[in-house]
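Q: The structure that follows is given in the form of structure tokens.
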Amino acid sequence: QVQLVESGGGLAQSGGSLRLSCAPSGRISSVSFMGWYRQAPGKQREMVAYITTSGITKYQDSVKGRFTISRDNAKNTVYLQMRSLQADDTAVYYCNARAQWGVDYWGAGTQVTVSS
């Protein structure tokens, strides 16, 4: 079964930057939305940003101006450039892809830890 594979997480200092990448392990057809979610300890998973095939983006208010989502449609790969990281950005970040018939694919998650 095809899965999404995230990379690029790790430890950053407050004010620093990290870049997350996500690519499928196999072929996925007709991917529409691709996005990033995150879940901090004791909190629910929340949407961070998503991007459509045509490049329309939407961000959670707390990351606007700091995070940038982009994608490579040919490879069904999505990226998240994170700048000016804050302690509140510490979470496990999950990649998501919405394919044909509304099928959702998820990654296993990558840990992002921001030290203050």
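Every chain in the structure tokens has a letter given in the order shown (A, B, ...), and although residue numbers restart at 1 in each chain, ligands are simply numbered from 1 in the order shown.
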So which bits of region 4-113 of chain A end up strand (DSSP E) when you DSSP the backbone, as a ChimeraX atom specification?
A: /A:4-7,10-13,18-24,34-39,46-51,57-59,67-72,77-82,91-98,104-106,110-113
Q: Name the residues in contact with Thr77 (chain A) at a cut-off of 10 Å, using only C-alpha atoms, excluding same-chain residues fewer than 5 positions from it; report them as an MDAnalysis selection string.
A: chainID A and resid 4:6 21:24 34 70:72 95 97
Q: Using the selection just defined, write its residues with C-alpha atoms as a compact mmCIF listing (two decimals), in the first residue's frame.
A:
# COMPACT_ATOMS: atom_id res chain seq x y z
CA LEU A 4 3.65 9.15 2.31
CA VAL A 5 7.18 9.55 3.61
CA GLU A 6 8.15 12.71 5.44
CA SER A 21 9.52 17.24 2.51
CA CYS A 22 6.96 14.57 1.75
CA ALA A 23 6.84 12.12 -1.13
CA PRO A 24 4.78 9.00 -1.83
CA MET A 34 -1.74 18.16 -0.36
CA SER A 70 4.84 24.30 -2.11
CA ARG A 71 4.45 21.20 -4.25
CA ASP A 72 5.76 19.39 -7.28
CA CYS A 95 1.85 14.99 5.50
CA ALA A 97 -2.61 13.86 0.22
Q: Pick out the residues sitting within 10 Å of Tyr93 (chain A), and hand them over as a list in words; count only C-alpha atoms, and ignore anything fewer than 2 positions along from it in its own chain.
A: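 So, after excluding close chain neighbours, the residues are Glu6, Ser7, Gly9, Leu20, Trp36, Tyr37, Arg38, Gln39, Ala40, Arg45, Glu46, Met47, Val48, Asp89, Thr90, Ala91, Cys95, Asn96, Gly107, Ala108, Gly109, Thr110, Gln111 and Val112 of chain A.
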Q: Let me see the file: selected residues, N, CA and C atoms, as a CSV table (one decimal), in the first residue's frame.
A:
chain,number,residue,atom,x,y,z
A,6,GLU,N,7.7,11.4,5.1
A,6,GLU,CA,8.2,12.7,5.4
A,6,GLU,C,9.6,12.7,5.8
A,7,SER,N,10.3,13.8,5.6
A,7,SER,CA,11.7,14.0,6.0
A,7,SER,C,11.9,15.5,6.3
A,9,GLY,N,12.5,16.8,9.5
A,9,GLY,CA,12.2,17.3,10.9
A,9,GLY,C,13.5,17.2,11.7
A,20,LEU,N,10.5,20.8,5.6
A,20,LEU,CA,10.0,19.4,5.5
A,20,LEU,C,9.7,19.1,4.1
A,36,TRP,N,-0.1,19.8,5.2
A,36,TRP,CA,0.6,19.5,6.4
A,36,TRP,C,-0.3,19.7,7.6
A,37,TYR,N,-0.2,18.8,8.5
A,37,TYR,CA,-0.9,18.8,9.8
A,37,TYR,C,0.1,18.7,10.9
A,38,ARG,N,-0.3,19.0,12.1
A,38,ARG,CA,0.7,18.8,13.2
A,38,ARG,C,-0.1,18.5,14.5
A,39,GLN,N,0.5,17.8,15.4
A,39,GLN,CA,-0.1,17.4,16.6
A,39,GLN,C,0.9,17.6,17.7
A,40,ALA,N,0.6,18.5,18.7
A,40,ALA,CA,1.5,18.7,19.8
A,40,ALA,C,1.0,17.8,21.0
A,45,ARG,N,-4.8,17.0,16.5
A,45,ARG,CA,-4.2,17.3,15.3
A,45,ARG,C,-4.8,18.5,14.6
A,46,GLU,N,-4.0,19.4,14.0
A,46,GLU,CA,-4.5,20.6,13.4
A,46,GLU,C,-3.9,20.8,12.1
A,47,MET,N,-4.6,21.4,11.2
A,47,MET,CA,-4.1,21.8,9.9
A,47,MET,C,-3.1,22.9,10.0
A,48,VAL,N,-2.0,22.8,9.3
A,48,VAL,CA,-1.0,23.8,9.3
A,48,VAL,C,-1.1,24.6,7.9
A,89,ASP,N,5.6,25.8,17.9
A,89,ASP,CA,5.6,25.0,16.7
A,89,ASP,C,6.1,23.6,16.9
A,90,THR,N,6.5,23.3,18.1
A,90,THR,CA,7.0,21.9,18.4
A,90,THR,C,5.8,21.0,18.4
A,91,ALA,N,6.0,19.9,17.5
A,91,ALA,CA,4.9,19.0,17.3
A,91,ALA,C,5.4,17.9,16.4
A,95,CYS,N,2.2,14.6,6.9
A,95,CYS,CA,1.8,15.0,5.5
A,95,CYS,C,0.5,14.3,5.1
A,96,ASN,N,-0.3,15.0,4.3
A,96,ASN,CA,-1.5,14.4,3.8
A,96,ASN,C,-1.7,14.7,2.3
A,107,GLY,N,1.3,10.4,6.1
A,107,GLY,CA,2.6,9.9,6.5
A,107,GLY,C,2.6,9.5,8.0
A,108,ALA,N,3.7,8.9,8.4
A,108,ALA,CA,3.9,8.5,9.8
A,108,ALA,C,4.2,9.6,10.7
A,109,GLY,N,4.6,10.7,10.1
A,109,GLY,CA,4.9,11.9,11.0
A,109,GLY,C,6.4,12.1,11.2
A,110,THR,N,6.8,13.3,11.3
A,110,THR,CA,8.2,13.7,11.6
A,110,THR,C,8.2,14.7,12.7
A,111,GLN,N,9.1,14.5,13.7
A,111,GLN,CA,9.1,15.3,14.9
A,111,GLN,C,9.9,16.6,14.6
A,112,VAL,N,9.2,17.7,15.0
A,112,VAL,CA,9.9,19.0,15.0
A,112,VAL,C,9.9,19.6,16.4
Q: Between A:Trp106, A:Val92, A:Ser14, A:Arg83, which one has atoms that come closest to Ile69 (chain A), using only C-alpha atoms?
A: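 So, comparing all the options, the nearest one is A:Arg83.
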Q: Looking at only C-alpha atoms, which of A:Trp101, A:Ser32, A:Gly8, A:Lys64 is the one that sits closest to Asn76 (chain A)?
A: A:Ser32
Q: Give me, please, the distance in Å between CA of Val31 (chain A) and CA of Ile51 (chain A), quoted to one decimal.
A: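 Result for CA of Val31 (chain A) versus CA of Ile51 (chain A): 10.9 Å, one decimal.
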Q: Excluding Gly26 (chain A) and its own-chain neighbours fewer than 4 positions away, which residues fall within 9 Å of it when counting only C-alpha atoms? Please give them as number ranges by chain.
A: A: 1-4
Q: Just all heavy atoms for this one: save the residues we selected as a short mmCIF file (atom, residue, chain, number, x, y, z; two decimals), in the first residue's frame.
A:
data_model
loop_
_atom_site.label_atom_id
_atom_site.label_comp_id
_atom_site.auth_asym_id
_atom_site.auth_seq_id
_atom_site.Cartn_x
_atom_site.Cartn_y
_atom_site.Cartn_z
N GLN A 1 0.84 -1.19 0.00
CA GLN A 1 0.00 0.00 0.00
C GLN A 1 0.88 1.25 0.00
O GLN A 1 1.86 1.32 0.73
CB GLN A 1 -0.91 0.02 1.22
CG GLN A 1 -1.91 1.16 1.23
CD GLN A 1 -2.89 1.05 2.38
OE1 GLN A 1 -2.89 0.06 3.10
NE2 GLN A 1 -3.72 2.05 2.53
N VAL A 2 0.51 2.23 -0.80
CA VAL A 2 1.30 3.45 -0.91
C VAL A 2 1.19 4.25 0.37
O VAL A 2 0.11 4.41 0.94
CB VAL A 2 0.82 4.30 -2.11
CG1 VAL A 2 1.58 5.61 -2.16
CG2 VAL A 2 1.00 3.51 -3.40
N GLN A 3 2.31 4.76 0.81
CA GLN A 3 2.34 5.63 1.97
C GLN A 3 3.10 6.90 1.61
O GLN A 3 3.84 6.96 0.64
CB GLN A 3 3.02 4.93 3.15
CG GLN A 3 2.27 3.74 3.69
CD GLN A 3 2.96 3.12 4.88
OE1 GLN A 3 4.18 3.18 5.01
NE2 GLN A 3 2.18 2.51 5.76
N LEU A 4 2.89 7.92 2.45
CA LEU A 4 3.65 9.15 2.31
C LEU A 4 4.83 9.10 3.27
O LEU A 4 4.70 8.63 4.41
CB LEU A 4 2.77 10.36 2.61
CG LEU A 4 1.55 10.53 1.71
CD1 LEU A 4 0.75 11.75 2.14
CD2 LEU A 4 1.95 10.65 0.25
#
